[in-house]
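Listing of target.txt, compact mmCIF, N, CA and C atoms
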# COMPACT_ATOMS: atom_id res chain seq x y z
N MET A 1 -19.53 0.88 5.74
CA MET A 1 -19.92 1.48 4.49
C MET A 1 -18.95 0.98 3.41
N HIS A 2 -19.50 0.58 2.28
CA HIS A 2 -18.68 0.16 1.15
C HIS A 2 -18.52 1.34 0.18
N ILE A 3 -17.29 1.66 -0.18
CA ILE A 3 -16.99 2.78 -1.07
C ILE A 3 -16.89 2.25 -2.50
N THR A 4 -17.75 2.74 -3.39
CA THR A 4 -17.69 2.38 -4.80
C THR A 4 -16.72 3.32 -5.52
N ASN A 5 -16.37 2.99 -6.76
CA ASN A 5 -15.50 3.86 -7.54
C ASN A 5 -16.12 5.24 -7.74
N ASP A 6 -17.43 5.29 -8.00
CA ASP A 6 -18.10 6.59 -8.16
C ASP A 6 -18.02 7.41 -6.88
N GLU A 7 -18.27 6.77 -5.73
CA GLU A 7 -18.18 7.48 -4.46
C GLU A 7 -16.75 7.95 -4.19
N MET A 8 -15.79 7.10 -4.53
CA MET A 8 -14.38 7.44 -4.31
C MET A 8 -14.01 8.70 -5.11
N ASN A 9 -14.52 8.79 -6.34
CA ASN A 9 -14.20 9.94 -7.19
C ASN A 9 -14.77 11.24 -6.64
N ASN A 10 -15.73 11.18 -5.72
CA ASN A 10 -16.33 12.38 -5.15
C ASN A 10 -15.75 12.76 -3.79
N LEU A 11 -14.79 11.97 -3.28
CA LEU A 11 -14.18 12.29 -1.99
C LEU A 11 -13.17 13.43 -2.15
N PRO A 12 -13.02 14.28 -1.13
CA PRO A 12 -12.08 15.42 -1.22
C PRO A 12 -10.63 15.01 -0.92
N PHE A 13 -10.02 14.25 -1.84
CA PHE A 13 -8.64 13.80 -1.68
C PHE A 13 -7.69 14.99 -1.65
N GLN A 14 -6.57 14.82 -0.92
CA GLN A 14 -5.49 15.80 -0.89
C GLN A 14 -4.20 15.11 -1.31
N SER A 15 -3.22 15.88 -1.76
CA SER A 15 -1.95 15.32 -2.24
C SER A 15 -0.99 15.07 -1.09
N PHE A 16 -0.34 13.89 -1.14
CA PHE A 16 0.65 13.49 -0.15
C PHE A 16 1.81 12.80 -0.85
N GLN A 17 2.95 12.73 -0.16
CA GLN A 17 4.07 11.92 -0.61
C GLN A 17 4.53 11.07 0.56
N LYS A 18 4.83 9.81 0.25
CA LYS A 18 5.36 8.93 1.29
C LYS A 18 6.81 9.33 1.53
N THR A 19 7.14 9.62 2.78
CA THR A 19 8.49 10.09 3.10
C THR A 19 9.32 9.02 3.81
N ALA A 20 8.67 8.04 4.42
CA ALA A 20 9.41 6.96 5.09
C ALA A 20 9.93 5.99 4.04
N LEU A 21 11.10 5.44 4.29
CA LEU A 21 11.63 4.42 3.40
C LEU A 21 10.82 3.14 3.55
N LEU A 22 10.74 2.41 2.47
CA LEU A 22 10.00 1.16 2.41
C LEU A 22 11.00 0.01 2.30
N GLN A 23 10.77 -1.06 3.03
CA GLN A 23 11.57 -2.27 2.90
C GLN A 23 10.80 -3.20 1.96
N ALA A 24 11.46 -3.73 0.94
CA ALA A 24 10.76 -4.58 -0.02
C ALA A 24 11.72 -5.56 -0.68
N ARG A 25 11.12 -6.64 -1.21
CA ARG A 25 11.86 -7.62 -1.99
C ARG A 25 10.89 -8.27 -2.97
N PRO A 26 11.43 -8.83 -4.07
CA PRO A 26 10.55 -9.52 -5.02
C PRO A 26 9.95 -10.78 -4.38
N LEU A 27 8.70 -11.08 -4.72
CA LEU A 27 8.05 -12.31 -4.28
C LEU A 27 8.43 -13.45 -5.23
N THR A 28 8.74 -14.59 -4.67
CA THR A 28 9.26 -15.73 -5.43
C THR A 28 8.23 -16.86 -5.53
N GLY A 29 8.59 -17.88 -6.29
CA GLY A 29 7.77 -19.08 -6.37
C GLY A 29 7.60 -19.73 -5.01
N ALA A 30 8.66 -19.74 -4.21
CA ALA A 30 8.57 -20.31 -2.86
C ALA A 30 7.58 -19.51 -2.01
N ASP A 31 7.58 -18.16 -2.15
CA ASP A 31 6.60 -17.33 -1.44
C ASP A 31 5.19 -17.69 -1.88
N TYR A 32 5.02 -17.88 -3.19
CA TYR A 32 3.69 -18.19 -3.71
C TYR A 32 3.17 -19.50 -3.13
N GLU A 33 4.03 -20.51 -3.10
CA GLU A 33 3.63 -21.80 -2.54
C GLU A 33 3.35 -21.68 -1.04
N GLN A 34 4.25 -21.05 -0.31
CA GLN A 34 4.11 -20.93 1.14
C GLN A 34 2.87 -20.13 1.53
N ARG A 35 2.60 -19.04 0.81
CA ARG A 35 1.50 -18.14 1.16
C ARG A 35 0.24 -18.39 0.33
N GLU A 36 0.32 -19.36 -0.57
CA GLU A 36 -0.81 -19.70 -1.44
C GLU A 36 -1.31 -18.48 -2.23
N GLY A 37 -0.37 -17.63 -2.65
CA GLY A 37 -0.69 -16.48 -3.48
C GLY A 37 -1.39 -15.34 -2.77
N ILE A 38 -1.35 -15.34 -1.43
CA ILE A 38 -2.06 -14.32 -0.67
C ILE A 38 -1.16 -13.76 0.44
N ILE A 39 -1.14 -12.44 0.54
CA ILE A 39 -0.50 -11.76 1.67
C ILE A 39 -1.64 -11.34 2.60
N HIS A 40 -1.54 -11.71 3.86
CA HIS A 40 -2.56 -11.32 4.83
C HIS A 40 -2.17 -9.97 5.42
N THR A 41 -2.78 -8.92 4.88
CA THR A 41 -2.49 -7.56 5.32
C THR A 41 -3.38 -7.19 6.50
N ARG A 42 -3.12 -6.06 7.12
CA ARG A 42 -3.98 -5.57 8.22
C ARG A 42 -5.40 -5.31 7.73
N GLU A 43 -5.53 -4.99 6.45
CA GLU A 43 -6.83 -4.62 5.90
C GLU A 43 -7.56 -5.78 5.24
N GLY A 44 -6.92 -6.95 5.20
CA GLY A 44 -7.55 -8.12 4.61
C GLY A 44 -6.60 -8.83 3.66
N PRO A 45 -7.01 -10.01 3.15
CA PRO A 45 -6.15 -10.76 2.25
C PRO A 45 -5.99 -10.05 0.90
N ALA A 46 -4.76 -10.06 0.38
CA ALA A 46 -4.46 -9.43 -0.90
C ALA A 46 -3.66 -10.42 -1.76
N GLY A 47 -4.18 -10.72 -2.92
CA GLY A 47 -3.50 -11.64 -3.82
C GLY A 47 -2.26 -11.02 -4.46
N PHE A 48 -1.33 -11.90 -4.87
CA PHE A 48 -0.14 -11.42 -5.57
C PHE A 48 0.24 -12.41 -6.66
N ARG A 49 1.10 -11.94 -7.56
CA ARG A 49 1.63 -12.76 -8.65
C ARG A 49 3.14 -12.84 -8.49
N LEU A 50 3.73 -13.88 -9.08
CA LEU A 50 5.19 -13.98 -9.07
C LEU A 50 5.78 -12.72 -9.69
N GLY A 51 6.83 -12.20 -9.07
CA GLY A 51 7.46 -10.98 -9.57
C GLY A 51 6.95 -9.72 -8.90
N ASP A 52 5.76 -9.77 -8.27
CA ASP A 52 5.30 -8.63 -7.48
C ASP A 52 6.27 -8.49 -6.30
N TYR A 53 6.13 -7.41 -5.56
CA TYR A 53 7.03 -7.16 -4.43
C TYR A 53 6.30 -7.31 -3.10
N LEU A 54 7.02 -7.81 -2.12
CA LEU A 54 6.54 -7.87 -0.75
C LEU A 54 7.09 -6.65 -0.04
N ALA A 55 6.20 -5.79 0.44
CA ALA A 55 6.60 -4.58 1.15
C ALA A 55 6.40 -4.79 2.64
N ARG A 56 7.29 -4.20 3.41
CA ARG A 56 7.21 -4.29 4.86
C ARG A 56 7.30 -2.87 5.41
N GLY A 57 6.33 -2.49 6.26
CA GLY A 57 6.24 -1.13 6.77
C GLY A 57 6.87 -0.94 8.12
N ILE A 58 6.62 0.24 8.72
CA ILE A 58 7.29 0.64 9.96
C ILE A 58 6.85 -0.17 11.17
N GLN A 59 5.71 -0.87 11.09
CA GLN A 59 5.28 -1.74 12.18
C GLN A 59 5.31 -3.21 11.75
N ASN A 60 6.21 -3.52 10.81
CA ASN A 60 6.38 -4.86 10.24
C ASN A 60 5.13 -5.38 9.55
N GLU A 61 4.19 -4.48 9.21
CA GLU A 61 3.04 -4.88 8.43
C GLU A 61 3.51 -5.20 7.00
N GLU A 62 2.84 -6.13 6.34
CA GLU A 62 3.23 -6.56 5.01
C GLU A 62 2.08 -6.38 4.03
N TRP A 63 2.44 -6.12 2.76
CA TRP A 63 1.46 -6.04 1.69
C TRP A 63 2.18 -6.23 0.36
N PRO A 64 1.44 -6.70 -0.66
CA PRO A 64 2.05 -6.85 -1.98
C PRO A 64 1.93 -5.56 -2.79
N ILE A 65 2.89 -5.33 -3.66
CA ILE A 65 2.85 -4.23 -4.62
C ILE A 65 3.12 -4.85 -5.99
N THR A 66 2.29 -4.54 -6.97
CA THR A 66 2.51 -5.11 -8.30
C THR A 66 3.87 -4.68 -8.84
N LYS A 67 4.48 -5.55 -9.59
CA LYS A 67 5.79 -5.25 -10.18
C LYS A 67 5.71 -3.99 -11.03
N GLU A 68 4.64 -3.86 -11.82
CA GLU A 68 4.48 -2.71 -12.71
C GLU A 68 4.48 -1.40 -11.92
N HIS A 69 3.75 -1.37 -10.82
CA HIS A 69 3.71 -0.16 -10.01
C HIS A 69 5.03 0.06 -9.28
N PHE A 70 5.61 -1.00 -8.77
CA PHE A 70 6.83 -0.87 -7.98
C PHE A 70 7.97 -0.26 -8.79
N VAL A 71 8.19 -0.77 -10.00
CA VAL A 71 9.34 -0.30 -10.79
C VAL A 71 9.18 1.13 -11.27
N THR A 72 7.95 1.64 -11.32
CA THR A 72 7.74 3.03 -11.75
C THR A 72 7.58 4.01 -10.59
N SER A 73 7.43 3.49 -9.36
CA SER A 73 7.11 4.38 -8.24
C SER A 73 8.12 4.36 -7.09
N TYR A 74 9.15 3.51 -7.18
CA TYR A 74 10.13 3.41 -6.09
C TYR A 74 11.54 3.35 -6.66
N GLU A 75 12.49 3.93 -5.91
CA GLU A 75 13.90 3.81 -6.27
C GLU A 75 14.66 3.20 -5.10
N ARG A 76 15.54 2.25 -5.42
CA ARG A 76 16.29 1.57 -4.37
C ARG A 76 17.36 2.50 -3.82
N VAL A 77 17.51 2.49 -2.48
CA VAL A 77 18.51 3.35 -1.84
C VAL A 77 19.48 2.55 -0.96
N SER A 78 19.34 1.21 -0.95
CA SER A 78 20.29 0.38 -0.21
C SER A 78 20.41 -0.97 -0.91
N GLU A 79 21.43 -1.70 -0.55
CA GLU A 79 21.60 -3.06 -1.06
C GLU A 79 20.71 -4.01 -0.27
N PRO A 80 20.30 -5.11 -0.87
CA PRO A 80 19.47 -6.09 -0.15
C PRO A 80 20.19 -6.68 1.06
N ASP A 81 19.41 -6.96 2.12
CA ASP A 81 19.97 -7.61 3.30
C ASP A 81 19.93 -9.13 3.12
N ALA A 82 20.22 -9.87 4.17
CA ALA A 82 20.29 -11.34 4.11
C ALA A 82 18.95 -11.96 3.71
N GLU A 83 17.82 -11.29 4.01
CA GLU A 83 16.50 -11.79 3.64
C GLU A 83 16.06 -11.32 2.26
N GLY A 84 16.91 -10.50 1.61
CA GLY A 84 16.58 -9.98 0.28
C GLY A 84 15.86 -8.64 0.30
N PHE A 85 15.61 -8.08 1.48
CA PHE A 85 14.92 -6.79 1.58
C PHE A 85 15.93 -5.65 1.39
N ALA A 86 15.55 -4.67 0.57
CA ALA A 86 16.33 -3.45 0.38
C ALA A 86 15.42 -2.28 0.76
N SER A 87 16.03 -1.12 0.99
CA SER A 87 15.26 0.09 1.28
C SER A 87 14.96 0.80 -0.02
N TYR A 88 13.74 1.33 -0.12
CA TYR A 88 13.28 2.04 -1.31
C TYR A 88 12.62 3.34 -0.91
N ARG A 89 12.75 4.34 -1.78
CA ARG A 89 12.12 5.65 -1.59
C ARG A 89 11.00 5.78 -2.62
N ALA A 90 9.83 6.23 -2.16
CA ALA A 90 8.72 6.48 -3.08
C ALA A 90 9.03 7.70 -3.93
N THR A 91 8.70 7.63 -5.22
CA THR A 91 8.96 8.74 -6.12
C THR A 91 7.68 9.39 -6.63
N ASP A 92 6.53 8.79 -6.34
CA ASP A 92 5.28 9.34 -6.87
C ASP A 92 4.50 10.11 -5.81
N ILE A 93 3.58 10.92 -6.28
CA ILE A 93 2.66 11.67 -5.43
C ILE A 93 1.35 10.88 -5.40
N CYS A 94 0.73 10.80 -4.23
CA CYS A 94 -0.54 10.08 -4.14
C CYS A 94 -1.61 11.02 -3.59
N GLN A 95 -2.83 10.56 -3.67
CA GLN A 95 -3.98 11.29 -3.14
C GLN A 95 -4.51 10.49 -1.96
N ALA A 96 -4.89 11.17 -0.87
CA ALA A 96 -5.39 10.46 0.31
C ALA A 96 -6.54 11.23 0.94
N TYR A 97 -7.42 10.46 1.57
CA TYR A 97 -8.56 11.02 2.30
C TYR A 97 -8.75 10.22 3.56
N GLN A 98 -8.87 10.91 4.71
CA GLN A 98 -9.10 10.24 5.98
C GLN A 98 -10.59 9.94 6.12
N MET A 99 -10.92 8.65 6.24
CA MET A 99 -12.30 8.21 6.30
C MET A 99 -12.87 8.42 7.70
N PRO A 100 -14.07 9.01 7.82
CA PRO A 100 -14.65 9.30 9.12
C PRO A 100 -15.32 8.11 9.80
N GLU A 101 -15.54 7.02 9.07
CA GLU A 101 -16.22 5.85 9.64
C GLU A 101 -15.62 4.57 9.05
N PRO A 102 -15.89 3.42 9.65
CA PRO A 102 -15.39 2.16 9.10
C PRO A 102 -15.87 1.98 7.65
N PHE A 103 -15.03 1.34 6.81
CA PHE A 103 -15.36 1.23 5.39
C PHE A 103 -14.69 0.03 4.76
N THR A 104 -15.18 -0.34 3.58
CA THR A 104 -14.55 -1.36 2.75
C THR A 104 -14.43 -0.81 1.33
N VAL A 105 -13.45 -1.34 0.59
CA VAL A 105 -13.27 -1.03 -0.83
C VAL A 105 -12.88 -2.32 -1.53
N SER A 106 -13.25 -2.43 -2.80
CA SER A 106 -12.87 -3.59 -3.61
C SER A 106 -11.80 -3.17 -4.59
N LYS A 107 -10.73 -3.97 -4.67
CA LYS A 107 -9.63 -3.69 -5.58
C LYS A 107 -9.88 -4.35 -6.93
N MET A 108 -9.10 -3.95 -7.94
CA MET A 108 -9.28 -4.47 -9.29
C MET A 108 -9.10 -5.99 -9.37
N ARG A 109 -8.23 -6.56 -8.58
CA ARG A 109 -8.00 -8.01 -8.61
C ARG A 109 -9.07 -8.78 -7.84
N GLY A 110 -10.05 -8.06 -7.28
CA GLY A 110 -11.14 -8.71 -6.57
C GLY A 110 -10.99 -8.75 -5.06
N ASP A 111 -9.87 -8.31 -4.52
CA ASP A 111 -9.68 -8.29 -3.07
C ASP A 111 -10.56 -7.20 -2.46
N THR A 112 -11.13 -7.47 -1.29
CA THR A 112 -11.88 -6.46 -0.54
C THR A 112 -11.07 -6.13 0.69
N LEU A 113 -10.78 -4.84 0.85
CA LEU A 113 -10.01 -4.37 2.00
C LEU A 113 -10.93 -3.63 2.96
N THR A 114 -10.61 -3.69 4.26
CA THR A 114 -11.43 -3.09 5.30
C THR A 114 -10.62 -2.06 6.08
N GLY A 115 -11.18 -0.88 6.25
CA GLY A 115 -10.53 0.18 7.00
C GLY A 115 -11.35 0.57 8.22
N LYS A 116 -10.67 1.10 9.22
CA LYS A 116 -11.31 1.58 10.44
C LYS A 116 -11.60 3.08 10.30
N ALA A 117 -12.48 3.58 11.14
CA ALA A 117 -12.71 5.02 11.19
C ALA A 117 -11.36 5.70 11.48
N GLY A 118 -11.01 6.71 10.70
CA GLY A 118 -9.74 7.41 10.87
C GLY A 118 -8.63 6.93 9.96
N ASP A 119 -8.77 5.73 9.38
CA ASP A 119 -7.77 5.25 8.42
C ASP A 119 -7.86 6.08 7.15
N TYR A 120 -6.81 6.00 6.34
CA TYR A 120 -6.74 6.76 5.10
C TYR A 120 -6.97 5.87 3.89
N LEU A 121 -7.80 6.35 2.98
CA LEU A 121 -7.97 5.74 1.67
C LEU A 121 -7.01 6.48 0.76
N VAL A 122 -6.11 5.73 0.13
CA VAL A 122 -5.03 6.33 -0.66
C VAL A 122 -5.13 5.81 -2.08
N ARG A 123 -4.84 6.67 -3.06
CA ARG A 123 -4.84 6.23 -4.45
C ARG A 123 -3.72 6.92 -5.22
N SER A 124 -3.27 6.22 -6.24
CA SER A 124 -2.25 6.74 -7.15
C SER A 124 -2.50 6.07 -8.49
N GLY A 125 -2.85 6.85 -9.48
CA GLY A 125 -3.20 6.27 -10.78
C GLY A 125 -4.42 5.39 -10.63
N ASP A 126 -4.33 4.14 -11.11
CA ASP A 126 -5.47 3.23 -10.99
C ASP A 126 -5.37 2.33 -9.76
N ARG A 127 -4.39 2.59 -8.90
CA ARG A 127 -4.22 1.80 -7.68
C ARG A 127 -4.84 2.51 -6.49
N MET A 128 -5.34 1.73 -5.53
CA MET A 128 -5.79 2.30 -4.27
C MET A 128 -5.53 1.31 -3.16
N TRP A 129 -5.36 1.86 -1.95
CA TRP A 129 -5.06 1.03 -0.79
C TRP A 129 -5.50 1.78 0.46
N ILE A 130 -5.45 1.09 1.58
CA ILE A 130 -5.83 1.67 2.88
C ILE A 130 -4.59 1.69 3.76
N VAL A 131 -4.41 2.78 4.50
CA VAL A 131 -3.30 2.89 5.44
C VAL A 131 -3.86 3.26 6.81
N ASP A 132 -3.45 2.49 7.82
CA ASP A 132 -3.81 2.75 9.21
C ASP A 132 -3.45 4.20 9.56
N ARG A 133 -4.32 4.87 10.31
CA ARG A 133 -4.12 6.29 10.65
C ARG A 133 -2.75 6.56 11.25
N THR A 134 -2.36 5.80 12.26
CA THR A 134 -1.08 6.05 12.93
C THR A 134 0.09 5.86 11.97
N ILE A 135 0.05 4.80 11.18
CA ILE A 135 1.13 4.56 10.21
C ILE A 135 1.16 5.67 9.17
N PHE A 136 0.00 6.04 8.64
CA PHE A 136 -0.05 7.10 7.63
C PHE A 136 0.56 8.39 8.15
N GLU A 137 0.17 8.78 9.35
CA GLU A 137 0.63 10.06 9.89
C GLU A 137 2.11 10.07 10.23
N HIS A 138 2.75 8.89 10.30
CA HIS A 138 4.19 8.82 10.52
C HIS A 138 4.99 8.60 9.25
N THR A 139 4.32 8.30 8.13
CA THR A 139 5.08 7.93 6.94
C THR A 139 4.75 8.78 5.70
N TYR A 140 3.73 9.62 5.76
CA TYR A 140 3.34 10.48 4.63
C TYR A 140 3.39 11.93 5.04
N THR A 141 3.66 12.80 4.07
CA THR A 141 3.67 14.26 4.28
C THR A 141 2.69 14.90 3.30
N ARG A 142 1.84 15.77 3.83
CA ARG A 142 0.89 16.49 2.97
C ARG A 142 1.62 17.51 2.14
N LEU A 143 1.26 17.61 0.88
CA LEU A 143 1.87 18.58 -0.03
C LEU A 143 0.97 19.81 -0.14
N PRO A 144 1.57 20.97 -0.38
CA PRO A 144 0.76 22.19 -0.50
C PRO A 144 -0.15 22.16 -1.73

With the file now loaded, output its structure as structure tokens.
Amino acid sequence: MHITNDEMNNLPFQSFQKTALLQARPLTGADYEQREGIIHTREGPAGFRLGDYLARGIQNEEWPITKEHFVTSYERVSEPDAEGFASYRATDICQAYQMPEPFTVSKMRGDTLTGKAGDYLVRSGDRMWIVDRTIFEHTYTRLP
């Protein structure tokens, strides 16, 4: 099932906060050349621009985060390691809904992401993404 923006606005989202630390570093020109401007995420290919951030999750999954969103939604809590990755804490509240069946969504940059039954559709402001059920349940906390 493909979820449109209108359908997404009618889903019963609940408030969550990401509680696990995120490992991230800025994406460079060398990254752009090596990856041809695309990060291959679990949910499908996602384009990035120079200056966006490469995020790495608890199962070493990777995805891009726009620079604009990153600087307003995360605070650094450690110094960068030898690979340039530092730990960051999420500062924003997001909305999430657990999808009962397999689904796809299209992002503003034109990327189409694919989720499995049980995965979470997550949004914050004008951004949305998909998080694997197991990862979501280990890294997000539902808010009252």

Expected answer as a ChimeraX atom specification: alpha helix (DSSP H) residues in stretch 31-126 of chain A: /A:31-35,67-73

Store the residues of this selection in a file with N, CA and C atoms, as a CSV table (one decimal), in the frame of the given file.
chain,number,residue,atom,x,y,z
A,31,ASP,N,7.6,-18.2,-2.2
A,31,ASP,CA,6.6,-17.3,-1.4
A,31,ASP,C,5.2,-17.7,-1.9
A,32,TYR,N,5.0,-17.9,-3.2
A,32,TYR,CA,3.7,-18.2,-3.7
A,32,TYR,C,3.2,-19.5,-3.1
A,33,GLU,N,4.0,-20.5,-3.1
A,33,GLU,CA,3.6,-21.8,-2.5
A,33,GLU,C,3.4,-21.7,-1.0
A,34,GLN,N,4.2,-21.0,-0.3
A,34,GLN,CA,4.1,-20.9,1.1
A,34,GLN,C,2.9,-20.1,1.5
A,35,ARG,N,2.6,-19.0,0.8
A,35,ARG,CA,1.5,-18.1,1.2
A,35,ARG,C,0.2,-18.4,0.3
A,67,LYS,N,4.5,-5.6,-9.6
A,67,LYS,CA,5.8,-5.2,-10.2
A,67,LYS,C,5.7,-4.0,-11.0
A,68,GLU,N,4.6,-3.9,-11.8
A,68,GLU,CA,4.5,-2.7,-12.7
A,68,GLU,C,4.5,-1.4,-11.9
A,69,HIS,N,3.8,-1.4,-10.8
A,69,HIS,CA,3.7,-0.2,-10.0
A,69,HIS,C,5.0,0.1,-9.3
A,70,PHE,N,5.6,-1.0,-8.8
A,70,PHE,CA,6.8,-0.9,-8.0
A,70,PHE,C,8.0,-0.3,-8.8
A,71,VAL,N,8.2,-0.8,-10.0
A,71,VAL,CA,9.3,-0.3,-10.8
A,71,VAL,C,9.2,1.1,-11.3
A,72,THR,N,8.0,1.6,-11.3
A,72,THR,CA,7.7,3.0,-11.8
A,72,THR,C,7.6,4.0,-10.6
A,73,SER,N,7.4,3.5,-9.4
A,73,SER,CA,7.1,4.4,-8.2
A,73,SER,C,8.1,4.4,-7.1

Straight-line distance linking atom CA of A:Ala96 with atom CA of A:Leu50, stated in Å to one decimal: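 One can read the atom CA of A:Ala96 to atom CA of A:Leu50 distance as 28.2 Å.
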
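Comparing A:Val131, A:Leu113, A:Ala30, A:Val122 by their smallest distance to A:Gly44, the closest is A:Leu113 (using all atoms listed in the file).
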
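The space between atom CA of A:Asn5 and atom CA of A:Pro102 spans 16.7 Å.
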
Within 5 Å of A:Tyr74 using all atoms listed in the file, minus same-chain residues under 4 positions, as an mmCIF file with N, CA and C atoms, keeping the file's coordinate frame:
data_model
loop_
_atom_site.group_PDB
_atom_site.id
_atom_site.type_symbol
_atom_site.label_atom_id
_atom_site.label_comp_id
_atom_site.auth_asym_id
_atom_site.auth_seq_id
_atom_site.Cartn_x
_atom_site.Cartn_y
_atom_site.Cartn_z
ATOM 1 N N PHE A 70 5.610 -1.000 -8.770
ATOM 2 C CA PHE A 70 6.830 -0.870 -7.980
ATOM 3 C C PHE A 70 7.970 -0.260 -8.790
ATOM 4 N N ARG A 89 12.750 4.340 -1.780
ATOM 5 C CA ARG A 89 12.120 5.650 -1.590
ATOM 6 C C ARG A 89 11.000 5.780 -2.620
ATOM 7 N N ALA A 90 9.830 6.230 -2.160
ATOM 8 C CA ALA A 90 8.720 6.480 -3.080
ATOM 9 C C ALA A 90 9.030 7.700 -3.930
ATOM 10 N N THR A 91 8.700 7.630 -5.220
ATOM 11 C CA THR A 91 8.960 8.740 -6.120
ATOM 12 C C THR A 91 7.680 9.390 -6.630
#

Near-A:Gly51 list (8 Å; only N, CA and C atoms; drop same-chain fewer than 6 positions) as a PyMOL selection string: chain A and resi 25-29+65-68

Nearest residue to A:Thr139 from the set A:Lys107, A:Lys18, A:Pro100, A:Asn9 (distances using only N, CA and C atoms):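 Nearest candidate to A:Thr139 out of A:Lys107, A:Lys18, A:Pro100, A:Asn9: A:Lys18.
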
Test item: residues at most 7 Å from A:Met1, only N, CA and C atoms, excluding those fewer than 3 positions along its chain, as a PyMOL selection string: chain A and resi 101-105

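Here the question is which of A:Thr19, A:Ser78, A:Arg35, A:Met8 gets nearest to A:Tyr140 using all atoms listed in the file, and that residue is A:Thr19.
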
Atom-to-atom span, atom C of A:Glu62 and atom CA of A:Arg127, Å: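 So the two atoms, atom C of A:Glu62 and atom CA of A:Arg127, lie 15.6 Å apart.
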
Could I get stretch 22-27 of chain A rebuilt with all heavy atoms, written as a PDB file, in the frame of the given file?
ATOM      1  N   LEU A  22      10.740   2.410   2.470  1.00  0.00           N
ATOM      2  CA  LEU A  22      10.000   1.160   2.410  1.00  0.00           C
ATOM      3  C   LEU A  22      11.000   0.010   2.300  1.00  0.00           C
ATOM      4  O   LEU A  22      11.969   0.117   1.553  1.00  0.00           O
ATOM      5  CB  LEU A  22       9.100   1.181   1.175  1.00  0.00           C
ATOM      6  CG  LEU A  22       8.284  -0.045   0.870  1.00  0.00           C
ATOM      7  CD1 LEU A  22       7.128  -0.137   1.847  1.00  0.00           C
ATOM      8  CD2 LEU A  22       7.750   0.034  -0.545  1.00  0.00           C
ATOM      9  N   GLN A  23      10.770  -1.060   3.030  1.00  0.00           N
ATOM     10  CA  GLN A  23      11.570  -2.270   2.900  1.00  0.00           C
ATOM     11  C   GLN A  23      10.800  -3.200   1.960  1.00  0.00           C
ATOM     12  O   GLN A  23       9.606  -3.426   2.162  1.00  0.00           O
ATOM     13  CB  GLN A  23      11.770  -2.942   4.257  1.00  0.00           C
ATOM     14  CG  GLN A  23      12.450  -2.062   5.292  1.00  0.00           C
ATOM     15  CD  GLN A  23      13.825  -1.629   4.834  1.00  0.00           C
ATOM     16  OE1 GLN A  23      14.665  -2.450   4.478  1.00  0.00           O
ATOM     17  NE2 GLN A  23      14.053  -0.332   4.810  1.00  0.00           N
ATOM     18  N   ALA A  24      11.460  -3.730   0.940  1.00  0.00           N
ATOM     19  CA  ALA A  24      10.760  -4.580  -0.020  1.00  0.00           C
ATOM     20  C   ALA A  24      11.720  -5.560  -0.680  1.00  0.00           C
ATOM     21  O   ALA A  24      12.934  -5.342  -0.708  1.00  0.00           O
ATOM     22  CB  ALA A  24      10.075  -3.721  -1.082  1.00  0.00           C
ATOM     23  N   ARG A  25      11.120  -6.640  -1.210  1.00  0.00           N
ATOM     24  CA  ARG A  25      11.860  -7.620  -1.990  1.00  0.00           C
ATOM     25  C   ARG A  25      10.890  -8.270  -2.970  1.00  0.00           C
ATOM     26  O   ARG A  25       9.678  -8.297  -2.739  1.00  0.00           O
ATOM     27  CB  ARG A  25      12.505  -8.666  -1.098  1.00  0.00           C
ATOM     28  CG  ARG A  25      11.514  -9.575  -0.389  1.00  0.00           C
ATOM     29  CD  ARG A  25      12.227 -10.761   0.262  1.00  0.00           C
ATOM     30  NE  ARG A  25      11.330 -11.607   1.021  1.00  0.00           N
ATOM     31  CZ  ARG A  25      10.508 -12.518   0.496  1.00  0.00           C
ATOM     32  NH1 ARG A  25      10.447 -12.690  -0.799  1.00  0.00           N
ATOM     33  NH2 ARG A  25       9.734 -13.256   1.277  1.00  0.00           N
ATOM     34  N   PRO A  26      11.430  -8.830  -4.070  1.00  0.00           N
ATOM     35  CA  PRO A  26      10.550  -9.520  -5.020  1.00  0.00           C
ATOM     36  C   PRO A  26       9.950 -10.780  -4.380  1.00  0.00           C
ATOM     37  O   PRO A  26      10.615 -11.467  -3.593  1.00  0.00           O
ATOM     38  CB  PRO A  26      11.473  -9.901  -6.178  1.00  0.00           C
ATOM     39  CG  PRO A  26      12.661  -9.015  -6.034  1.00  0.00           C
ATOM     40  CD  PRO A  26      12.803  -8.734  -4.566  1.00  0.00           C
ATOM     41  N   LEU A  27       8.700 -11.080  -4.720  1.00  0.00           N
ATOM     42  CA  LEU A  27       8.050 -12.310  -4.280  1.00  0.00           C
ATOM     43  C   LEU A  27       8.430 -13.450  -5.230  1.00  0.00           C
ATOM     44  O   LEU A  27       8.448 -13.266  -6.445  1.00  0.00           O
ATOM     45  CB  LEU A  27       6.531 -12.120  -4.239  1.00  0.00           C
ATOM     46  CG  LEU A  27       6.064 -11.273  -3.054  1.00  0.00           C
ATOM     47  CD1 LEU A  27       4.731 -10.611  -3.338  1.00  0.00           C
ATOM     48  CD2 LEU A  27       5.997 -12.129  -1.798  1.00  0.00           C
TER      49      LEU A  27
END
